[in-house]
Amino acid sequence: MVLELYLDLMSQPCRAVYIFAKKNGIPFQLRTVELFKGQHHTDSFAQVNPLKKVPALKDGDFILAESVAILLYLSRKYKAPDHWYPQDLQARARVDEYLSWQHTALRSSCTKAMWQKMMFPVFLGQTVPPETLTNTLAELDRCLQLLEDKFLRDQPFLTGAHISVADLVAITELMQPVSAGCTVFESRPKLAAWRQRVEAAVGEDLFQEAHAVVLKAKDMPPLDPTLKEILKHSLKSLLQ
């Protein structure tokens, strides 16, 4: 039975899973779940993932949620090259360290920056107070500095000499604010050089393929009015 991946490439964790699977030649059937059409809230998808989130994986009767768990499952099952998630204890711990940090740091600031700069005003018609956006961009800048100082340092990649799942998770996060017009890389030559190395390692064509949707997010058609109201209510926390 063919592995099924439930993804929406607007989602940064979905892009990380997509790139990993494609780069490592893992055969899968793509099941697109369009978040901005509310398809993750349907009863049919809830049977796959009761959390009603993407990504999700279905491997026969085995169903798995959460992007990091999916990445590591794919790495182990398909015996991906060691650099993605190393066997060496300390090298693996460095990858785990980044994956643990990013959830409440880079993920949060990148998501808020994208929504406050583009999604709220353009698609939800909701004004974002200037001071709120200023504070969010300052927090994003702080996280970018930590990313450079704590994780990248003077290494080619976040956890060492070779690309790992940590780099995939990080680059897909950073492309969220980039899609909204935030200047993530322009004033950070070290981070810009790292981005180029990541793109080269996964392949520029695959990188562009995975990010085509999010980089054209500004051109999306208007949201369904009912869904727009649901999003306004459910995403209030992103305005704080």
# chains A, B, ... in the order shown; residues from 1 in each chain; ligands from 1
call {"tool": "select_by_dssp", "arguments": {"residues": "region 45-236 of chain A", "states": "helix (DSSP H, G or I)", "output": "MDAnalysis selection string"}}
result
chainID A and resid 45:48 67:77 82:84 89:102 106:123 130:152 165:179 189:202 204:215 217:219 225:234 236
call {"tool": "select_by_dssp", "arguments": {"residues": "region 11-202 of chain A", "states": "strand (DSSP E)", "output": "PyMOL selection string"}}
result
chain A and resi 29-32+56-59+62-65
call {"tool": "closest_atom_pairs", "arguments": {"of": "region 89-201 of chain A", "to": "region 26-43 of chain A", "cutoff": "12 Å", "atoms": "only C-alpha atoms", "output": "tab-separated table"}}
result
residue	atom	partner	partner_atom	distance
A:Met119	CA	A:Phe36	CA	11.2
A:Phe123	CA	A:Phe36	CA	10.3
A:Leu124	CA	A:Phe36	CA	11.4
call {"tool": "write_last_selection", "arguments": {"atoms": "C-alpha atoms", "output": "PDB file, in the first residue's frame"}}
result
ATOM      1  CA  MET A 119      -2.806  37.699   6.017  1.00  0.00           C
ATOM      2  CA  PHE A 123      -7.289  38.435   3.416  1.00  0.00           C
ATOM      3  CA  LEU A 124      -9.199  39.035   6.617  1.00  0.00           C
TER       4      LEU A 124
END
call {"tool": "atom_distance", "arguments": {"atom1": "CA of Ala65 (chain A)", "atom2": "CA of Thr159 (chain A)"}}
result
24.8 Å
call {"tool": "closest_residue", "arguments": {"among": "A:Ile230, A:Val202, A:Leu3, A:Cys110", "to": "Lys22 (chain A)", "atoms": "only C-alpha atoms"}}
result
A:Val202
call {"tool": "residues_around", "arguments": {"residues": "region 99-105 of chain A", "least_positions_apart": "4", "cutoff": "7 Å", "atoms": "only C-alpha atoms", "output": "short mmCIF file (atom, residue, chain, number, x, y, z; two decimals) with all heavy atoms, in the first residue's frame"}}
result
data_model
loop_
_atom_site.label_atom_id
_atom_site.label_comp_id
_atom_site.auth_asym_id
_atom_site.auth_seq_id
_atom_site.Cartn_x
_atom_site.Cartn_y
_atom_site.Cartn_z
N VAL A 95 20.47 18.07 16.62
CA VAL A 95 19.26 18.17 15.81
C VAL A 95 18.04 18.26 16.72
O VAL A 95 17.15 19.11 16.53
CB VAL A 95 19.14 16.99 14.84
CG1 VAL A 95 17.83 17.07 14.05
CG2 VAL A 95 20.33 16.94 13.89
N SER A 109 7.34 33.41 15.99
CA SER A 109 7.61 34.75 15.44
C SER A 109 7.41 34.79 13.93
O SER A 109 6.91 35.79 13.40
CB SER A 109 9.02 35.20 15.81
OG SER A 109 9.99 34.33 15.30
N CYS A 143 14.90 36.36 17.28
CA CYS A 143 14.99 34.93 17.01
C CYS A 143 16.00 34.64 15.91
O CYS A 143 16.73 33.64 15.96
CB CYS A 143 13.62 34.38 16.62
SG CYS A 143 12.50 34.17 18.02
N ALA A 166 16.85 19.57 10.77
CA ALA A 166 16.78 20.89 11.43
C ALA A 166 16.81 22.02 10.40
O ALA A 166 16.05 23.00 10.52
CB ALA A 166 17.93 21.04 12.42
#
call {"tool": "closest_residue", "arguments": {"among": "A:Val122, A:Leu64, A:Ala138, A:Leu158", "to": "Val48 (chain A)", "atoms": "only C-alpha atoms"}}
result
A:Leu64
call {"tool": "closest_residue", "arguments": {"among": "A:Ala161, A:Ala217, A:Met114, A:Val54", "to": "Pro86 (chain A)", "atoms": "only C-alpha atoms"}}
result
A:Ala161
call {"tool": "residues_around", "arguments": {"residues": "region 176-183 of chain A", "least_positions_apart": "2", "cutoff": "8 Å", "atoms": "only C-alpha atoms", "output": "mmCIF file with all heavy atoms, in the first residue's frame"}}
result
data_model
loop_
_atom_site.group_PDB
_atom_site.id
_atom_site.type_symbol
_atom_site.label_atom_id
_atom_site.label_comp_id
_atom_site.auth_asym_id
_atom_site.auth_seq_id
_atom_site.Cartn_x
_atom_site.Cartn_y
_atom_site.Cartn_z
ATOM 1 N N GLN A 12 4.244 25.577 6.545
ATOM 2 C CA GLN A 12 5.685 25.356 6.598
ATOM 3 C C GLN A 12 6.072 23.939 7.032
ATOM 4 O O GLN A 12 6.988 23.342 6.422
ATOM 5 C CB GLN A 12 6.378 26.427 7.471
ATOM 6 C CG GLN A 12 5.913 26.534 8.918
ATOM 7 C CD GLN A 12 4.719 27.435 9.117
ATOM 8 O OE1 GLN A 12 3.791 27.407 8.326
ATOM 9 N NE2 GLN A 12 4.745 28.235 10.176
ATOM 10 N N CYS A 110 7.771 33.729 13.219
ATOM 11 C CA CYS A 110 7.570 33.695 11.768
ATOM 12 C C CYS A 110 6.086 33.681 11.411
ATOM 13 O O CYS A 110 5.654 34.367 10.477
ATOM 14 C CB CYS A 110 8.254 32.473 11.161
ATOM 15 S SG CYS A 110 10.057 32.601 11.058
ATOM 16 N N THR A 111 5.319 32.896 12.146
ATOM 17 C CA THR A 111 3.886 32.813 11.884
ATOM 18 C C THR A 111 3.208 34.153 12.150
ATOM 19 O O THR A 111 2.405 34.643 11.341
ATOM 20 C CB THR A 111 3.244 31.719 12.754
ATOM 21 O OG1 THR A 111 3.841 30.460 12.436
ATOM 22 C CG2 THR A 111 1.749 31.636 12.509
ATOM 23 N N ALA A 113 4.572 37.123 12.140
ATOM 24 C CA ALA A 113 5.010 38.124 11.169
ATOM 25 C C ALA A 113 4.240 37.987 9.856
ATOM 26 O O ALA A 113 3.796 38.986 9.279
ATOM 27 C CB ALA A 113 6.512 37.986 10.925
ATOM 28 N N MET A 114 4.070 36.770 9.384
ATOM 29 C CA MET A 114 3.342 36.557 8.135
ATOM 30 C C MET A 114 1.895 37.007 8.241
ATOM 31 O O MET A 114 1.377 37.716 7.378
ATOM 32 C CB MET A 114 3.404 35.090 7.735
ATOM 33 C CG MET A 114 2.652 34.784 6.441
ATOM 34 S SD MET A 114 2.564 33.004 6.137
ATOM 35 C CE MET A 114 1.757 32.981 4.539
ATOM 36 N N LYS A 117 1.594 40.962 8.885
ATOM 37 C CA LYS A 117 2.038 41.812 7.771
ATOM 38 C C LYS A 117 1.187 41.617 6.518
ATOM 39 O O LYS A 117 0.997 42.554 5.741
ATOM 40 C CB LYS A 117 3.504 41.530 7.450
ATOM 41 C CG LYS A 117 4.133 42.554 6.499
ATOM 42 C CD LYS A 117 5.622 42.376 6.417
ATOM 43 C CE LYS A 117 6.267 43.328 5.409
ATOM 44 N NZ LYS A 117 6.092 44.747 5.783
ATOM 45 N N MET A 118 0.665 40.395 6.312
ATOM 46 C CA MET A 118 -0.065 40.124 5.072
ATOM 47 C C MET A 118 -1.454 39.543 5.271
ATOM 48 O O MET A 118 -2.433 40.080 4.749
ATOM 49 C CB MET A 118 0.760 39.175 4.186
ATOM 50 C CG MET A 118 0.070 38.806 2.874
ATOM 51 S SD MET A 118 1.118 37.828 1.768
ATOM 52 C CE MET A 118 1.284 36.302 2.701
ATOM 53 N N THR A 172 11.947 26.350 5.958
ATOM 54 C CA THR A 172 10.531 26.448 5.611
ATOM 55 C C THR A 172 9.810 27.436 6.526
ATOM 56 O O THR A 172 8.875 28.114 6.096
ATOM 57 C CB THR A 172 9.845 25.070 5.655
ATOM 58 O OG1 THR A 172 10.119 24.426 6.908
ATOM 59 C CG2 THR A 172 10.337 24.179 4.529
ATOM 60 N N GLU A 173 10.241 27.530 7.771
ATOM 61 C CA GLU A 173 9.682 28.548 8.671
ATOM 62 C C GLU A 173 9.990 29.952 8.165
ATOM 63 O O GLU A 173 9.124 30.825 8.112
ATOM 64 C CB GLU A 173 10.256 28.391 10.083
ATOM 65 C CG GLU A 173 9.793 27.184 10.853
ATOM 66 C CD GLU A 173 8.326 27.263 11.247
ATOM 67 O OE1 GLU A 173 7.722 28.352 11.149
ATOM 68 O OE2 GLU A 173 7.784 26.223 11.641
ATOM 69 N N LEU A 174 11.242 30.178 7.788
ATOM 70 C CA LEU A 174 11.672 31.520 7.403
ATOM 71 C C LEU A 174 11.005 31.996 6.118
ATOM 72 O O LEU A 174 10.862 33.205 5.900
ATOM 73 C CB LEU A 174 13.188 31.566 7.254
ATOM 74 C CG LEU A 174 13.983 31.372 8.553
ATOM 75 C CD1 LEU A 174 15.481 31.441 8.266
ATOM 76 C CD2 LEU A 174 13.597 32.408 9.595
ATOM 77 N N PHE A 185 16.573 37.954 5.077
ATOM 78 C CA PHE A 185 17.950 37.619 4.718
ATOM 79 C C PHE A 185 18.793 38.810 4.277
ATOM 80 O O PHE A 185 20.023 38.728 4.287
ATOM 81 C CB PHE A 185 17.959 36.571 3.603
ATOM 82 C CG PHE A 185 17.307 35.272 3.984
ATOM 83 C CD1 PHE A 185 16.023 34.970 3.542
ATOM 84 C CD2 PHE A 185 17.965 34.355 4.790
ATOM 85 C CE1 PHE A 185 15.414 33.772 3.891
ATOM 86 C CE2 PHE A 185 17.364 33.151 5.148
ATOM 87 C CZ PHE A 185 16.082 32.866 4.700
ATOM 88 N N GLU A 186 18.152 39.896 3.876
ATOM 89 C CA GLU A 186 18.865 40.989 3.224
ATOM 90 C C GLU A 186 19.980 41.587 4.074
ATOM 91 O O GLU A 186 21.044 41.944 3.568
ATOM 92 C CB GLU A 186 17.882 42.077 2.791
ATOM 93 C CG GLU A 186 17.062 41.725 1.555
ATOM 94 C CD GLU A 186 15.945 40.720 1.802
ATOM 95 O OE1 GLU A 186 15.810 40.244 2.951
ATOM 96 O OE2 GLU A 186 15.214 40.395 0.859
ATOM 97 N N SER A 187 19.751 41.726 5.363
ATOM 98 C CA SER A 187 20.761 42.341 6.232
ATOM 99 C C SER A 187 21.552 41.308 7.032
ATOM 100 O O SER A 187 22.269 41.666 7.966
ATOM 101 C CB SER A 187 20.087 43.325 7.193
ATOM 102 O OG SER A 187 19.166 42.641 8.033
ATOM 103 N N VAL A 214 3.269 29.331 -1.413
ATOM 104 C CA VAL A 214 3.358 30.353 -0.377
ATOM 105 C C VAL A 214 3.941 31.656 -0.920
ATOM 106 O O VAL A 214 3.563 32.748 -0.486
ATOM 107 C CB VAL A 214 4.160 29.848 0.843
ATOM 108 C CG1 VAL A 214 5.655 29.753 0.554
ATOM 109 C CG2 VAL A 214 3.908 30.725 2.063
ATOM 110 N N LEU A 215 4.836 31.569 -1.901
ATOM 111 C CA LEU A 215 5.432 32.783 -2.450
ATOM 112 C C LEU A 215 4.458 33.549 -3.348
ATOM 113 O O LEU A 215 4.713 34.699 -3.701
ATOM 114 C CB LEU A 215 6.716 32.448 -3.205
ATOM 115 C CG LEU A 215 7.881 32.004 -2.317
ATOM 116 C CD1 LEU A 215 9.086 31.607 -3.159
ATOM 117 C CD2 LEU A 215 8.274 33.095 -1.310
ATOM 118 N N LYS A 216 3.337 32.914 -3.697
ATOM 119 C CA LYS A 216 2.279 33.592 -4.450
ATOM 120 C C LYS A 216 1.040 33.825 -3.583
ATOM 121 O O LYS A 216 -0.051 34.065 -4.099
ATOM 122 C CB LYS A 216 1.905 32.758 -5.682
ATOM 123 C CG LYS A 216 3.021 32.644 -6.709
ATOM 124 C CD LYS A 216 2.586 31.786 -7.889
ATOM 125 C CE LYS A 216 3.710 31.662 -8.921
ATOM 126 N NZ LYS A 216 3.325 30.777 -10.054
ATOM 127 N N ALA A 217 1.227 33.770 -2.281
ATOM 128 C CA ALA A 217 0.090 33.880 -1.369
ATOM 129 C C ALA A 217 -0.669 35.194 -1.541
ATOM 130 O O ALA A 217 -1.891 35.248 -1.373
ATOM 131 C CB ALA A 217 0.554 33.730 0.078
ATOM 132 N N LYS A 218 0.056 36.264 -1.885
ATOM 133 C CA LYS A 218 -0.602 37.566 -2.050
ATOM 134 C C LYS A 218 -1.626 37.555 -3.185
ATOM 135 O O LYS A 218 -2.508 38.412 -3.234
ATOM 136 C CB LYS A 218 0.450 38.648 -2.327
ATOM 137 C CG LYS A 218 1.365 38.934 -1.154
ATOM 138 C CD LYS A 218 2.387 39.987 -1.501
ATOM 139 C CE LYS A 218 3.322 40.270 -0.330
ATOM 140 N NZ LYS A 218 4.358 41.266 -0.668
#
call {"tool": "closest_residue", "arguments": {"among": "A:Pro13, A:Pro222, A:Pro189, A:Gly160", "to": "Ala93 (chain A)", "atoms": "only C-alpha atoms"}}
result
A:Gly160
call {"tool": "atom_distance", "arguments": {"atom1": "CA of Pro156 (chain A)", "atom2": "CA of Leu72 (chain A)"}}
result
22.0 Å
call {"tool": "closest_residue", "arguments": {"among": "A:Ile19, A:Met1, A:Leu9, A:Ile171", "to": "Gly203 (chain A)", "atoms": "only C-alpha atoms"}}
result
A:Ile19
call {"tool": "residues_around", "arguments": {"residues": "Gln240 (chain A)", "least_positions_apart": "2", "cutoff": "9 Å", "atoms": "only C-alpha atoms", "output": "short mmCIF file (atom, residue, chain, number, x, y, z; two decimals) with N, CA and C atoms, in the first residue's frame"}}
result
data_model
loop_
_atom_site.label_atom_id
_atom_site.label_comp_id
_atom_site.auth_asym_id
_atom_site.auth_seq_id
_atom_site.Cartn_x
_atom_site.Cartn_y
_atom_site.Cartn_z
N LYS A 112 3.53 34.77 13.27
CA LYS A 112 2.94 36.06 13.59
C LYS A 112 3.31 37.12 12.57
N THR A 132 1.88 46.68 17.26
CA THR A 132 1.86 45.22 17.34
C THR A 132 2.80 44.61 16.31
N THR A 136 6.31 42.50 16.85
CA THR A 136 6.46 41.17 16.26
C THR A 136 7.73 41.09 15.42
N LYS A 236 -7.08 34.99 16.85
CA LYS A 236 -6.91 36.21 17.66
C LYS A 236 -5.56 36.25 18.37
N SER A 237 -5.08 35.09 18.77
CA SER A 237 -3.83 35.05 19.54
C SER A 237 -2.64 35.57 18.72
N LEU A 238 -2.75 35.52 17.38
CA LEU A 238 -1.65 35.99 16.53
C LEU A 238 -1.58 37.51 16.47
#
call {"tool": "atom_distance", "arguments": {"atom1": "CA of Pro81 (chain A)", "atom2": "CA of Asn24 (chain A)"}}
result
8.3 Å
call {"tool": "residues_around", "arguments": {"residues": "Pro55 (chain A)", "least_positions_apart": "6", "cutoff": "7 Å", "atoms": "only C-alpha atoms", "output": "compact mmCIF listing (two decimals) with N, CA, C and O atoms, in the first residue's frame"}}
result
# COMPACT_ATOMS: atom_id res chain seq x y z
N TYR A 6 -0.79 13.82 3.80
CA TYR A 6 -1.83 14.85 3.76
C TYR A 6 -1.17 16.19 4.02
O TYR A 6 -0.71 16.46 5.14
N LEU A 7 -1.12 17.03 2.99
CA LEU A 7 -0.33 18.25 3.06
C LEU A 7 -1.06 19.43 2.43
O LEU A 7 -1.91 19.26 1.56
N PRO A 13 5.43 23.33 8.02
CA PRO A 13 5.79 21.94 8.35
C PRO A 13 5.48 20.97 7.20
O PRO A 13 6.21 19.99 7.01
N CYS A 14 4.42 21.26 6.45
CA CYS A 14 4.10 20.41 5.30
C CYS A 14 5.19 20.49 4.25
O CYS A 14 5.55 19.47 3.63
N ALA A 65 0.52 11.95 13.14
CA ALA A 65 0.41 13.40 13.05
C ALA A 65 1.71 14.02 13.57
O ALA A 65 2.57 13.33 14.12
N GLU A 66 1.82 15.32 13.39
CA GLU A 66 2.94 16.15 13.85
C GLU A 66 4.16 16.00 12.94
O GLU A 66 4.69 14.90 12.74
N SER A 67 4.62 17.13 12.43
CA SER A 67 5.64 17.14 11.39
C SER A 67 6.97 16.53 11.83
O SER A 67 7.60 15.79 11.06
